[in-house]
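S.K.: Before we start, here is the structure in question, set down as structure tokens.
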Amino acid sequence: MLFDLNILPAENFPVPVICIGNISAGGTGKTPFTEYLIRLLREQYRVAVLSRGYKRETKGFVLAKENSTAQDIGDESCQIKHKFPNIIVAVDTNRRRGIRRLLALPANERPNVILLDDAMQHRFVLPSLTIMLTEYSSLYYNDHLLPAGNLRESVHAVYRADIIVVTKCRKDIKPIELRLIEKNMSLMANQRLYFSGITYHKIEPAFPSMNLKSSSLSDINKNENIMLITGIANPQPLIDLLKTCFKNLHTYEFPDHHSFKQSDIQYMDDKFRTMTPASRRIICTEKDATRLKSIDFLPVDWKSCLYYLPISITFMFEREDHFDARILKHVISTINIQQKNNGKD
């Protein structure tokens with residue numbers, strides 16, 4: 001409210017600052033969406049991703065390095081840095097301070113575009129563009145504020161979004177249902193709505209040095225013993241997928257961003273050791289893999305069996321080009337405006 005009344009100031013910055021966020025407590029798919037934007041922008045611009053680094057063990061502003069761990073910068077930031085080593089990744093709970101530190105980097109390292117991960121509630125920064133995600137199975141207008149529901153703030157906060165993306169949509173969703181969702185959102189004329197789904201890729205070895213190879217789920221023997229480890233907000237879609245692929249699925253669910261303890265690993269390892277070595281495999285999410293790989297008490301036997309399942313987002317109803325063009329136009333126009341302002345100065 002104080003920001004809306006201009007009592008508290010929100011700071012503008014001289015580069016495109018794109019906020020990817022939500023008004024619910026996790027589970028909307030911010031990380032794969034951030035990765036989508038990185039792929040879209042990285043060939044033309046020097047991209048930085050700034051997040052708070054949830055559950056890291058460090059304090060203040062930290063600029064990620066290629067060997068940074070989940071303990072240093074958080075699991076999501078670690079995943080992004082390892083996947084895109086040539087982009088800038090930083091963490092800071094104070095997003096305004098974090099942006100200032102990024103813009104203070106030497107000219108040849110300074111970002112042209114900053115992606116703010118999970119930052120809709122950080123009102124001291126005024127993004128140049130705000131993208132709000134809402135999960136198809138838990139649309140914000142059907143939800144309630146915490147603790148009665150899962151919303152961090154009132155649905156009125158949606159007015160701050162320039163783009164709303166409904167994520168994790170079913171592949172068989174009908175156009176009439178999309179029109180009903182759009183009607184229920186009552187969006188303003190300047191807001192744009194998109195729908196996206198999840199694409200699952202080949203499973204990848206968490207330890208490639210063990211001479212393991214990527215593999216399609218359909219190529220794996222259905223009779224293998226699969227141990228699924230998840231520490232994400234909503235693992236059900238992944239569980240449902242693997243149930244269709246394997247007869248012997250053993251699921252271990254942990255809270256989102258869970259820090260694995262030795263007792264957790266021992267509990268799962270007891271089950272793992274009962275499985276036939278030639279027909280056992282551990283599958284986890286990419287985010288969980290970043291945490292599992294960094295713990296020093298991971299059983300040696302796991303390293304030759306541990307895989308993660310990468311995901312990406314796909315825009316539905318052939319709207320990808322429209323979305324891409326809108327993002328690129330925003331970035332170009334924001335940079336051009338800033339260059340003109342600098343010229344006047």
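Starting from 1 in every chain, residues are counted up; chains themselves are A, B, ... following the order of the structure tokens, and ligands are numbered from 1 as listed.
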When DSSP is applied to the backbone of this structure, which of segment 100-262 of chain A are assigned strand (DSSP E)? Write them out as a ChimeraX atom specification.
M.R.: /A:113-117,129-135,163-167,192-200,204-205,225-230,248-253
S.K.: Identify, on the basis of only C-alpha atoms, every residue whose closest approach to Lys65 of chain A does not exceed 12 Å; exclude the query and any residue fewer than 3 positions from it along the same chain; express the result as a ChimeraX atom specification.
M.R.: /A:62,68-70,72-73,77-82,84-91
S.K.: Write to file, as a PDB file, in the first residue's frame, the residues of the selection just made, with N, CA and C atoms.
M.R.:
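As a result, result-v3.pdb now contains:
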```
ATOM      1  N   VAL A  62      26.491 -12.058  -3.410  1.00  0.00           N
ATOM      2  CA  VAL A  62      27.474 -13.044  -3.855  1.00  0.00           C
ATOM      3  C   VAL A  62      27.362 -13.176  -5.370  1.00  0.00           C
ATOM      4  N   SER A  68      30.639 -22.575  -7.954  1.00  0.00           N
ATOM      5  CA  SER A  68      29.763 -22.270  -6.811  1.00  0.00           C
ATOM      6  C   SER A  68      28.824 -23.434  -6.542  1.00  0.00           C
ATOM      7  N   THR A  69      28.497 -23.653  -5.279  1.00  0.00           N
ATOM      8  CA  THR A  69      27.617 -24.749  -4.880  1.00  0.00           C
ATOM      9  C   THR A  69      26.270 -24.202  -4.419  1.00  0.00           C
ATOM     10  N   ALA A  70      25.343 -25.129  -4.188  1.00  0.00           N
ATOM     11  CA  ALA A  70      24.032 -24.739  -3.669  1.00  0.00           C
ATOM     12  C   ALA A  70      24.160 -24.074  -2.306  1.00  0.00           C
ATOM     13  N   ASP A  72      26.528 -22.096  -1.495  1.00  0.00           N
ATOM     14  CA  ASP A  72      27.025 -20.740  -1.737  1.00  0.00           C
ATOM     15  C   ASP A  72      25.932 -19.801  -2.237  1.00  0.00           C
ATOM     16  N   ILE A  73      25.102 -20.286  -3.181  1.00  0.00           N
ATOM     17  CA  ILE A  73      24.188 -19.380  -3.886  1.00  0.00           C
ATOM     18  C   ILE A  73      22.751 -19.902  -3.975  1.00  0.00           C
ATOM     19  N   SER A  77      19.864 -20.937  -8.261  1.00  0.00           N
ATOM     20  CA  SER A  77      20.938 -20.139  -8.859  1.00  0.00           C
ATOM     21  C   SER A  77      22.097 -21.020  -9.289  1.00  0.00           C
ATOM     22  N   CYS A  78      22.384 -22.040  -8.492  1.00  0.00           N
ATOM     23  CA  CYS A  78      23.456 -22.980  -8.824  1.00  0.00           C
ATOM     24  C   CYS A  78      23.122 -23.738 -10.109  1.00  0.00           C
ATOM     25  N   GLN A  79      21.887 -24.185 -10.229  1.00  0.00           N
ATOM     26  CA  GLN A  79      21.439 -24.872 -11.440  1.00  0.00           C
ATOM     27  C   GLN A  79      21.619 -23.984 -12.673  1.00  0.00           C
ATOM     28  N   ILE A  80      21.204 -22.729 -12.567  1.00  0.00           N
ATOM     29  CA  ILE A  80      21.289 -21.815 -13.699  1.00  0.00           C
ATOM     30  C   ILE A  80      22.744 -21.532 -14.076  1.00  0.00           C
ATOM     31  N   LYS A  81      23.602 -21.298 -13.083  1.00  0.00           N
ATOM     32  CA  LYS A  81      25.005 -20.996 -13.368  1.00  0.00           C
ATOM     33  C   LYS A  81      25.705 -22.168 -14.021  1.00  0.00           C
ATOM     34  N   HIS A  82      25.432 -23.376 -13.566  1.00  0.00           N
ATOM     35  CA  HIS A  82      26.078 -24.550 -14.154  1.00  0.00           C
ATOM     36  C   HIS A  82      25.562 -24.828 -15.561  1.00  0.00           C
ATOM     37  N   PHE A  84      24.279 -22.423 -17.618  1.00  0.00           N
ATOM     38  CA  PHE A  84      24.639 -21.288 -18.470  1.00  0.00           C
ATOM     39  C   PHE A  84      25.862 -20.589 -17.876  1.00  0.00           C
ATOM     40  N   PRO A  85      27.030 -21.190 -17.987  1.00  0.00           N
ATOM     41  CA  PRO A  85      28.218 -20.646 -17.311  1.00  0.00           C
ATOM     42  C   PRO A  85      28.653 -19.271 -17.809  1.00  0.00           C
ATOM     43  N   ASN A  86      28.212 -18.877 -19.005  1.00  0.00           N
ATOM     44  CA  ASN A  86      28.660 -17.606 -19.563  1.00  0.00           C
ATOM     45  C   ASN A  86      27.785 -16.415 -19.179  1.00  0.00           C
ATOM     46  N   ILE A  87      26.697 -16.656 -18.460  1.00  0.00           N
ATOM     47  CA  ILE A  87      25.892 -15.530 -18.016  1.00  0.00           C
ATOM     48  C   ILE A  87      26.271 -15.160 -16.575  1.00  0.00           C
ATOM     49  N   ILE A  88      25.824 -13.990 -16.155  1.00  0.00           N
ATOM     50  CA  ILE A  88      26.104 -13.511 -14.805  1.00  0.00           C
ATOM     51  C   ILE A  88      24.990 -13.990 -13.883  1.00  0.00           C
ATOM     52  N   VAL A  89      25.359 -14.614 -12.784  1.00  0.00           N
ATOM     53  CA  VAL A  89      24.383 -15.039 -11.772  1.00  0.00           C
ATOM     54  C   VAL A  89      24.828 -14.468 -10.431  1.00  0.00           C
ATOM     55  N   ALA A  90      23.904 -13.829  -9.755  1.00  0.00           N
ATOM     56  CA  ALA A  90      24.227 -13.245  -8.448  1.00  0.00           C
ATOM     57  C   ALA A  90      23.058 -13.449  -7.502  1.00  0.00           C
ATOM     58  N   VAL A  91      23.343 -13.391  -6.208  1.00  0.00           N
ATOM     59  CA  VAL A  91      22.291 -13.513  -5.192  1.00  0.00           C
ATOM     60  C   VAL A  91      22.437 -12.388  -4.182  1.00  0.00           C
TER      61      VAL A  91
END
```
S.K.: Quick one: residues within 8 Å of segment 148-153 of chain A, only C-alpha atoms, excluding same-chain residues fewer than 3 positions away - as a PyMOL selection string?
M.R.: chain A and resi 23-25+140+143-145+157
S.K.: Would you kindly return, as a VMD selection string, each protein, DNA or RNA residue with an atom no farther than 8 Å from any atom of segment 211-221 of chain A, considering only C-alpha atoms and excluding same-chain residues fewer than 2 positions away?
M.R.: chain A and resid 201 to 205 207 to 209 223 to 224 245 to 246 304
S.K.: For atom CA of Asp288 of chain A and atom CA of Ser137 of chain A, determine how far apart the two atoms are, in Å to one decimal place.
M.R.: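 Rounded to one decimal, the two atoms are 22.6 Å apart.
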S.K.: To one decimal place in Å, what is the distance between atom CA of Phe315 of chain A and atom CA of Tyr136 of chain A?
M.R.: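 The value is 13.3 Å.
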S.K.: From the list A:Ile265, A:Thr314, A:Thr167, A:Leu146, which residue is nearest Val300 of chain A when using only C-alpha atoms?
M.R.: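 Smallest distance to Val300 of chain A is found for A:Ile265.
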